[in-house]
Amino acid sequence: MVNRPVTGIGSRITRRLFAGAGDHVAARNASAWLLPTGDERTNYQLRRDMRRYRDDDEVDAVIVGAGAGGGTLAQRLAHAGWRVVALDAGPFWDPDVDWVSDEAGSHHLYWNEPRVIDGINPVPLGSNNSGRGVGGSMVHYAGYAPRLHPSDFATYSRDGVGVDWPITYEQLRPFYRDLEEELPVAGEHWPWGEPHSYPHSPHPVSGDALLFQAGCHALGIPTKVGPVAITNGRFGNRPHCIYRGFCLQGCKVNAKASPLITHIPDALAHGAEIRADCMVSRIGFDERTGLATGVHYLHGGVEHFQAARLVAVAGYSIETPRLLLNSANRRFPDGLCNDHDQVGRYLMVQGAPQVAGRFSAEVRAYKAPPPSVSSEHYYETDPGRPYQRGFSLQTVAPLPITFAEHVLAEGHWGAPLREYMRDYIHWATFGALCEFLPQPDNRVTLDAQTDRHGLPVARFTFGECDNDRVMAETAIATMRDVLGAAGAGELMTIRRYAHLVGGARMAARPTDGVVDPDLRTFAIPNLYITDGSVLPTQGAANPALTIMALAARAAAHLVG
Amino acid sequence: MAVNRIPRGVNRTPGDRREKFPGYDVITQLPTWDVVTAGVVLRRLGPPPPIRYFTQDEEPIACALLDQILDQRHEPRVPVLQMIDARLAESQTDGWRYHDLPHDGQAWRDSLHALNDDARRAYGTDFGLLTWAKQGHIIAPIAGMNLHGTGDWHGMPAARVWSLWTRYATAAFYAHPWAWNEIGFGGPAYPRGYKNLGLDRREPWEVPDRDPDRDLVQLAREVEDARRHDTHYPHPPVIGLSRDPLHDEPEW
Ligand SMILES: Cc1cc2nc3c(=O)[nH]c(=O)nc-3n(C[C@H](O)[C@H](O)[C@H](O)COP(=O)(O)OP(=O)(O)OC[C@H]3O[C@@H](n4cnc5c(N)ncnc54)[C@H](O)[C@@H]3O)c2cc1C
Ligand code: SF4
């Protein structure tokens, strides 16, 4: 495809900033150095000077969604000299004025457009499951940034469950390394999966994390601090974390990584346009050439069309399949790239049960980032256990409104609810991430209901399988043991889900998935999918780093 | 200091209960908050907007239901009803809905009317006019159906209705600084941050828990046992207990 020499303001900025510095991260991605140094969090100049394309300029690539996958792809392509426009349905956030240190006041960070959920185990969406605006769900993700294990790429051959990926861990390894440097990730040396180290040293731990370490230690379960995409020390112009605990409400400090600060600034400096508040409604397609032509989008109630030589969809595991299905045309009557009824299928969530334990000491878990310490001791299949694959354990530290859900889940209301909540500062909460298996009928389809644009909304159907259930119950029992060993009195358990991935999976053959190993759709040679939708399995690791690494790998293939 | 100018009415807890964190007032930290966050939080202490979403019929039902869920029996009350009404009036929902329930606003209306039907059938009176105990007797079985997973209530899945009510109720209540005073939560923390991480470690302005060893399990069991004894619907009054936990102000 296109391979342009690096020119333009971006390379000038990079040269000016790093002449002689020899900083390989900054040369690859100068985002952290392009943020302001003082009390402001946004480089307004960079946004004012942003290059703007006209709708009829046929750009090299138009990207739908500027989140984990889309933001990374935009930076990589722009950095290589491509003319890129990334459209996002949400705002171009300014952390100083748009985000608050407050739970209820952060509602606008989530994707709150209508969706319908059903199935045996419907998965609530909203705050817990997807974001909007430049930076995507990483704006309000917790910040854990683990890699997958090598075994995740071959669960079918190894364990007889799930499916093998069409790529190996080794093919993703260099991109994991690059991204860990660019976010950057802080943590202890990692002994699980492929052992590796992190560029930033581990953060000091919070009260609940001390209890997590103590409980695990007593049971012989190893734990490690991290891995979190939170600066520990200065990184470029990004300051150190101030341990304010509101990571899930958007980091006002610029300490926690999201593409808004880790990739978009460098993309802008290299001539990318980020067009916010633009909801893509369908993908343009030319029946004669069999190619995508660009995207139709709505801005301020007006319909536009951005022409592009390549289209990449990165709208999250629900909106991506929805967009493909809503883009049906004569050639693809059942939805774009859906010749083999694969679009929307094999959507996964991780089982994410949490157990809270009561301590007579004051824990005050609201201090410090909720992601603090984790363990992947139970990540791999253990032949002695009644399920395949495994789970990881992490600290989670819910703020009061979220903690109230734990109390409600135990059936308390009225006076007992208030009493348990009065006791909030004495509780430590641990979470598990269980590798739930991909199933064809866990999927997105279109509902009869339409949104305010008249577009059919997504219906997400989900049900657990036996392996999922047994694993989640085992994870719960393990967390109860850990809390008990740490000295907890009473315990509370909540069963929940986190992290949607899949829905347009990567496969070796068109009959098994929607995209090939380079994330190009099987059906349309210039249409790519570069977000969490492409994951064939999910492991027991939080997905954002893997999504970014896959997008970076796809970009490397594109720029050649 | 700026904190001296904070009006007296601000330093409060819901129902004026302060056994655990006497004197703690999160609003004294106001000078350390960024202005955007301060604006969002302070709005909750100002006069709530008038009721716009709930109809006149629905208002007393919702009001009594929310008081029950949150055990708000005494002034000052967190204006939860107004906060929820504002959310629904502005369609500030999470967007998603269960396939077998309408969107949140309509689900609130339908479920409030159903609750009133229960009250009328059991006691011949509107829900909002019942005594505290009788209101509790109407609600308890719905909460019980929630705990046991499935169950149909007036054509709606009981567990999902319960989750709708309680999610909105707690999201409003625990957004309010009075509730933070009650639970000892540190509130907004930017740009100040926290310096003292770890067990039994406090910032200089945080107040220690003065009543850390209360037996919550025992407490919850008493209240919830009393509710469970009322398995026959409509419920007889609770007999044989020295006090009616659904009716009296708890003494613990
Ligand atoms: C509360 C929470 C905590 C989490 N914690 C962690 C964690 O600790 N570690 C971790 O690794 N992961 C975590 N995650 C998950 C992680 O954030 C997501 O998996 C990841 O961001 C998904 O990347 P994506 O590229 O698929 O989509 P996103 O990052 O969500 O980006 C999608 C973007 O597309 C835009 N968009 C969607 N549709 C359209 C359209 N039609 N037109 C234009 N734009 C559109 C959206 O506005 C959004 O900005 C968490 C998520 C949540 C919600
Ligand atoms: S705890 Fe650290 S990373 Fe999290 S929001 Fe606060 S400053 Fe940002």
# chains A, B, ... in the order shown; residues from 1 in each chain; ligands from 1
$ interface_residues --of "chain B" --to "chain A" --cutoff "6 Å" --atoms "only C-alpha atoms" --output "list in words"
Thr37, Gln68, Ile69, Leu70, Asp71, Asp94, Gly95, Trp96, Arg97, Tyr98, His99, Leu147, Ala171, Tyr174, Ala175, Ile183, Pro188, Ala189, Gly193, Tyr194, Leu197, Gly198, Leu199, Asp200 and Ala220 of chain B
$ select_by_dssp --residues "range 27-177 of chain A" --states "strand (DSSP E)" --output "NGL selection string"
:A and (61-64 or 84-87 or 115-118)
$ residues_near_ligand --ligand "ligand 1" --cutoff "6 Å" --atoms "only C-alpha atoms and all ligand atoms" --output "PyMOL selection string"
chain A and resi 64-70+87-90+127-138+140-145+248+278-281+314-317+319+499+531-532+542-545
$ select_by_dssp --residues "range 54-177 of chain B" --states "alpha helix (DSSP H)" --output "ChimeraX atom specification"
/B:58-70,80-89,104-123,132-147,158-173,177
$ atom_distance --atom1 "CA of Arg238 in chain A" --atom2 "CA of Ala312 in chain A"
29.3 Å
$ atom_distance --atom1 "CA of Pro369 in chain A" --atom2 "CA of Asp25 in chain B"
23.5 Å
$ atom_distance --atom1 "CA of Gln306 in chain A" --atom2 "CA of Leu324 in chain A"
16.8 Å
$ closest_residue --among "B:Thr125, B:Lys195, B:Leu66, B:Ile142" --to "ligand 2" --atoms "only C-alpha atoms and all ligand atoms"
B:Lys195
$ residues_around --residues "range 485-488 of chain A" --least-positions-apart "3" --cutoff "7 Å" --atoms "only C-alpha atoms" --output "PyMOL selection string"
chain A and resi 211+214-215+218+357-359+481-482
$ residues_around --residues "range 372-382 of chain A" --least-positions-apart "3" --cutoff "7 Å" --atoms "only C-alpha atoms" --output "MDAnalysis selection string"
chainID A and resid 192 205 209 221:226 369 385 388:395 540
$ write_last_selection --atoms "all heavy atoms" --output "compact mmCIF listing (two decimals), in the first residue's frame"
# COMPACT_ATOMS: atom_id res chain seq x y z
N TRP A 192 4.99 -14.55 34.74
CA TRP A 192 4.01 -15.44 34.11
C TRP A 192 4.02 -15.26 32.59
O TRP A 192 4.48 -14.22 32.09
CB TRP A 192 2.62 -15.15 34.66
CG TRP A 192 2.50 -15.48 36.13
CD1 TRP A 192 2.46 -16.73 36.68
CD2 TRP A 192 2.41 -14.57 37.22
NE1 TRP A 192 2.34 -16.64 38.04
CE2 TRP A 192 2.30 -15.33 38.40
CE3 TRP A 192 2.39 -13.17 37.32
CZ2 TRP A 192 2.19 -14.75 39.66
CZ3 TRP A 192 2.27 -12.59 38.57
CH2 TRP A 192 2.17 -13.38 39.73
N VAL A 205 2.09 0.58 47.04
CA VAL A 205 0.78 -0.07 47.03
C VAL A 205 -0.17 0.50 48.08
O VAL A 205 0.25 1.04 49.10
CB VAL A 205 0.89 -1.61 47.19
CG1 VAL A 205 1.75 -2.20 46.10
CG2 VAL A 205 1.42 -1.98 48.56
N ALA A 209 -4.26 -3.39 48.61
CA ALA A 209 -3.24 -4.20 47.94
C ALA A 209 -2.33 -4.90 48.95
O ALA A 209 -1.89 -6.03 48.73
CB ALA A 209 -2.43 -3.34 46.98
N ILE A 221 0.30 -18.13 47.05
CA ILE A 221 0.00 -17.63 45.70
C ILE A 221 0.90 -16.42 45.44
O ILE A 221 0.80 -15.41 46.13
CB ILE A 221 -1.47 -17.17 45.61
CG1 ILE A 221 -2.42 -18.31 45.97
CG2 ILE A 221 -1.78 -16.61 44.22
CD1 ILE A 221 -3.88 -17.88 46.12
N PRO A 222 1.79 -16.51 44.47
CA PRO A 222 2.65 -15.36 44.21
C PRO A 222 1.86 -14.18 43.65
O PRO A 222 0.87 -14.37 42.95
CB PRO A 222 3.65 -15.88 43.16
CG PRO A 222 3.04 -17.11 42.60
CD PRO A 222 2.04 -17.65 43.59
N THR A 223 2.27 -12.96 44.00
CA THR A 223 1.63 -11.75 43.47
C THR A 223 2.72 -10.83 42.94
O THR A 223 3.88 -10.96 43.32
CB THR A 223 0.88 -10.97 44.56
OG1 THR A 223 1.84 -10.53 45.54
CG2 THR A 223 -0.18 -11.81 45.23
N LYS A 224 2.35 -9.91 42.07
CA LYS A 224 3.29 -8.91 41.59
C LYS A 224 2.59 -7.55 41.56
O LYS A 224 1.39 -7.47 41.31
CB LYS A 224 3.78 -9.24 40.18
CG LYS A 224 4.64 -10.50 40.13
CD LYS A 224 5.99 -10.28 40.82
CE LYS A 224 6.63 -11.62 41.16
NZ LYS A 224 7.80 -11.50 42.04
N VAL A 225 3.37 -6.51 41.81
CA VAL A 225 2.82 -5.16 41.72
C VAL A 225 2.75 -4.78 40.25
O VAL A 225 3.73 -4.91 39.52
CB VAL A 225 3.71 -4.15 42.48
CG1 VAL A 225 3.11 -2.75 42.39
CG2 VAL A 225 3.87 -4.58 43.93
N GLY A 226 1.57 -4.32 39.80
CA GLY A 226 1.37 -3.96 38.41
C GLY A 226 0.68 -5.08 37.66
O GLY A 226 0.06 -5.94 38.29
N PRO A 369 -4.36 4.27 42.79
CA PRO A 369 -5.10 3.71 41.65
C PRO A 369 -5.72 2.37 42.02
O PRO A 369 -5.06 1.56 42.68
CB PRO A 369 -4.00 3.51 40.58
CG PRO A 369 -2.83 4.31 41.02
CD PRO A 369 -2.92 4.41 42.51
N ARG A 385 -8.00 -29.49 37.70
CA ARG A 385 -9.20 -28.70 37.97
C ARG A 385 -10.31 -29.03 36.98
O ARG A 385 -10.03 -29.45 35.87
CB ARG A 385 -8.85 -27.20 37.88
CG ARG A 385 -7.94 -26.78 39.01
CD ARG A 385 -7.66 -25.29 38.98
NE ARG A 385 -7.04 -24.92 40.26
CZ ARG A 385 -7.42 -23.87 40.98
NH1 ARG A 385 -8.39 -23.09 40.56
NH2 ARG A 385 -6.84 -23.61 42.11
N GLN A 388 -11.24 -25.86 31.85
CA GLN A 388 -10.07 -25.53 31.02
C GLN A 388 -9.78 -24.03 31.12
O GLN A 388 -10.68 -23.24 31.31
CB GLN A 388 -10.35 -25.89 29.55
CG GLN A 388 -10.74 -27.35 29.33
CD GLN A 388 -9.62 -28.30 29.74
OE1 GLN A 388 -8.48 -28.15 29.31
NE2 GLN A 388 -9.94 -29.26 30.59
N ARG A 389 -8.52 -23.69 30.86
CA ARG A 389 -8.05 -22.30 30.95
C ARG A 389 -8.14 -21.79 32.39
O ARG A 389 -8.23 -22.61 33.31
CB ARG A 389 -8.76 -21.38 29.95
CG ARG A 389 -8.71 -21.87 28.51
CD ARG A 389 -7.29 -22.07 27.99
NE ARG A 389 -6.51 -20.85 27.99
CZ ARG A 389 -5.17 -20.81 27.97
NH1 ARG A 389 -4.48 -21.94 27.93
NH2 ARG A 389 -4.53 -19.68 27.98
N GLY A 390 -8.09 -20.45 32.58
CA GLY A 390 -8.00 -20.01 33.98
C GLY A 390 -8.38 -18.57 34.19
O GLY A 390 -9.05 -17.96 33.37
N PHE A 391 -7.90 -18.03 35.32
CA PHE A 391 -8.29 -16.67 35.71
C PHE A 391 -7.11 -15.94 36.32
O PHE A 391 -6.13 -16.55 36.74
CB PHE A 391 -9.47 -16.70 36.68
CG PHE A 391 -9.25 -17.51 37.93
CD1 PHE A 391 -8.70 -16.94 39.07
CD2 PHE A 391 -9.61 -18.86 37.97
CE1 PHE A 391 -8.51 -17.69 40.22
CE2 PHE A 391 -9.43 -19.62 39.12
CZ PHE A 391 -8.87 -19.03 40.25
N SER A 392 -7.20 -14.64 36.35
CA SER A 392 -6.21 -13.84 37.06
C SER A 392 -6.91 -13.14 38.22
O SER A 392 -8.14 -13.04 38.26
CB SER A 392 -5.54 -12.83 36.13
OG SER A 392 -6.51 -12.01 35.54
N LEU A 393 -6.12 -12.68 39.16
CA LEU A 393 -6.64 -12.01 40.35
C LEU A 393 -6.04 -10.62 40.44
O LEU A 393 -4.85 -10.45 40.18
CB LEU A 393 -6.26 -12.80 41.62
CG LEU A 393 -6.77 -14.24 41.71
CD1 LEU A 393 -6.15 -14.95 42.89
CD2 LEU A 393 -8.29 -14.24 41.84
N GLN A 394 -6.87 -9.63 40.81
CA GLN A 394 -6.39 -8.25 40.83
C GLN A 394 -7.08 -7.46 41.95
O GLN A 394 -8.18 -7.80 42.35
CB GLN A 394 -6.73 -7.56 39.48
CG GLN A 394 -6.12 -8.28 38.29
CD GLN A 394 -6.51 -7.69 36.94
OE1 GLN A 394 -7.57 -7.11 36.81
NE2 GLN A 394 -5.64 -7.85 35.95
N THR A 395 -6.43 -6.40 42.38
CA THR A 395 -7.13 -5.48 43.29
C THR A 395 -8.03 -4.57 42.45
O THR A 395 -7.72 -4.28 41.30
CB THR A 395 -6.14 -4.59 44.06
OG1 THR A 395 -5.36 -3.84 43.12
CG2 THR A 395 -5.21 -5.43 44.91
N ALA A 540 -6.99 -14.43 30.21
CA ALA A 540 -7.46 -13.90 31.49
C ALA A 540 -6.75 -12.59 31.78
O ALA A 540 -6.54 -12.21 32.92
CB ALA A 540 -7.23 -14.91 32.60
$ residues_around --residues "Leu130 in chain B" --least-positions-apart "3" --cutoff "12 Å" --atoms "only C-alpha atoms" --output "PyMOL selection string"
chain B and resi 60-61+64-65+68+116+118-120+122-127+133-139+247
$ write_last_selection --atoms "C-alpha atoms" --output "PDB file, in the first residue's frame"
ATOM      1  CA  PRO B  60     -45.505   9.860  46.432  1.00  0.00           C
ATOM      2  CA  ILE B  61     -44.940   6.246  45.403  1.00  0.00           C
ATOM      3  CA  ALA B  64     -41.762   6.390  49.778  1.00  0.00           C
ATOM      4  CA  LEU B  65     -40.010   3.626  47.830  1.00  0.00           C
ATOM      5  CA  GLN B  68     -37.434   2.613  52.153  1.00  0.00           C
ATOM      6  CA  ASN B 116     -49.158   0.928  44.102  1.00  0.00           C
ATOM      7  CA  ASP B 118     -49.771  -4.203  45.382  1.00  0.00           C
ATOM      8  CA  ALA B 119     -50.405  -1.688  48.161  1.00  0.00           C
ATOM      9  CA  ARG B 120     -54.023  -1.235  47.186  1.00  0.00           C
ATOM     10  CA  ALA B 122     -52.976  -5.702  50.302  1.00  0.00           C
ATOM     11  CA  TYR B 123     -54.165  -2.751  52.365  1.00  0.00           C
ATOM     12  CA  GLY B 124     -56.695  -0.865  50.255  1.00  0.00           C
ATOM     13  CA  THR B 125     -54.504   2.253  50.332  1.00  0.00           C
ATOM     14  CA  ASP B 126     -51.972   3.957  48.122  1.00  0.00           C
ATOM     15  CA  PHE B 127     -48.371   2.931  48.766  1.00  0.00           C
ATOM     16  CA  ALA B 133     -43.845  -1.027  58.292  1.00  0.00           C
ATOM     17  CA  LYS B 134     -46.525  -1.755  55.752  1.00  0.00           C
ATOM     18  CA  GLN B 135     -44.480  -0.212  52.983  1.00  0.00           C
ATOM     19  CA  GLY B 136     -41.635  -2.500  54.001  1.00  0.00           C
ATOM     20  CA  HIS B 137     -43.954  -5.498  53.849  1.00  0.00           C
ATOM     21  CA  ILE B 138     -44.927  -4.641  50.288  1.00  0.00           C
ATOM     22  CA  ILE B 139     -41.331  -4.220  49.150  1.00  0.00           C
ATOM     23  CA  HIS B 247     -40.603   0.290  62.046  1.00  0.00           C
TER      24      HIS B 247
END
$ closest_residue --among "A:Thr72, A:Thr168, A:Thr155, A:Arg173" --to "Ala554 in chain A" --atoms "only C-alpha atoms"
A:Thr72
$ closest_residue --among "B:Ala140, B:Trp108, B:Leu101, B:Pro177" --to "Gly46 in chain B" --atoms "only C-alpha atoms"
B:Pro177
$ residues_around --residues "Glu59 in chain B" --least-positions-apart "2" --cutoff "12 Å" --atoms "only C-alpha atoms" --output "PyMOL selection string"
chain B and resi 50-57+61-66+80-82+84-85+108-109+112-113+116+126-129
$ write_last_selection --atoms "C-alpha atoms" --output "mmCIF file, in the first residue's frame"
data_model
loop_
_atom_site.group_PDB
_atom_site.id
_atom_site.type_symbol
_atom_site.label_atom_id
_atom_site.label_comp_id
_atom_site.auth_asym_id
_atom_site.auth_seq_id
_atom_site.Cartn_x
_atom_site.Cartn_y
_atom_site.Cartn_z
ATOM 1 C CA PRO B 50 -38.556 20.856 40.609
ATOM 2 C CA ILE B 51 -40.062 17.479 39.773
ATOM 3 C CA ARG B 52 -40.478 17.242 36.014
ATOM 4 C CA TYR B 53 -40.574 13.565 35.109
ATOM 5 C CA PHE B 54 -42.738 11.798 37.683
ATOM 6 C CA THR B 55 -46.448 12.556 37.536
ATOM 7 C CA GLN B 56 -48.356 13.709 40.591
ATOM 8 C CA ASP B 57 -49.557 10.113 41.110
ATOM 9 C CA ILE B 61 -44.940 6.246 45.403
ATOM 10 C CA ALA B 62 -41.389 6.949 44.272
ATOM 11 C CA CYS B 63 -40.696 9.091 47.312
ATOM 12 C CA ALA B 64 -41.762 6.390 49.778
ATOM 13 C CA LEU B 65 -40.010 3.626 47.830
ATOM 14 C CA LEU B 66 -36.712 5.526 47.814
ATOM 15 C CA VAL B 80 -32.806 11.401 45.990
ATOM 16 C CA LEU B 81 -36.257 11.674 44.456
ATOM 17 C CA GLN B 82 -35.373 14.973 42.787
ATOM 18 C CA ILE B 84 -33.563 10.648 39.980
ATOM 19 C CA ASP B 85 -36.377 12.706 38.519
ATOM 20 C CA TRP B 108 -39.810 3.382 36.428
ATOM 21 C CA ARG B 109 -43.369 4.444 35.613
ATOM 22 C CA LEU B 112 -44.274 2.402 40.423
ATOM 23 C CA HIS B 113 -47.830 1.778 39.265
ATOM 24 C CA ASN B 116 -49.158 0.928 44.102
ATOM 25 C CA ASP B 126 -51.972 3.957 48.122
ATOM 26 C CA PHE B 127 -48.371 2.931 48.766
ATOM 27 C CA GLY B 128 -47.296 6.427 49.737
ATOM 28 C CA LEU B 129 -49.952 6.602 52.466
#
$ closest_residue --among "A:Phe92, A:Pro184, A:Arg505, A:Val444" --to "ligand 2" --atoms "only C-alpha atoms and all ligand atoms"
A:Pro184
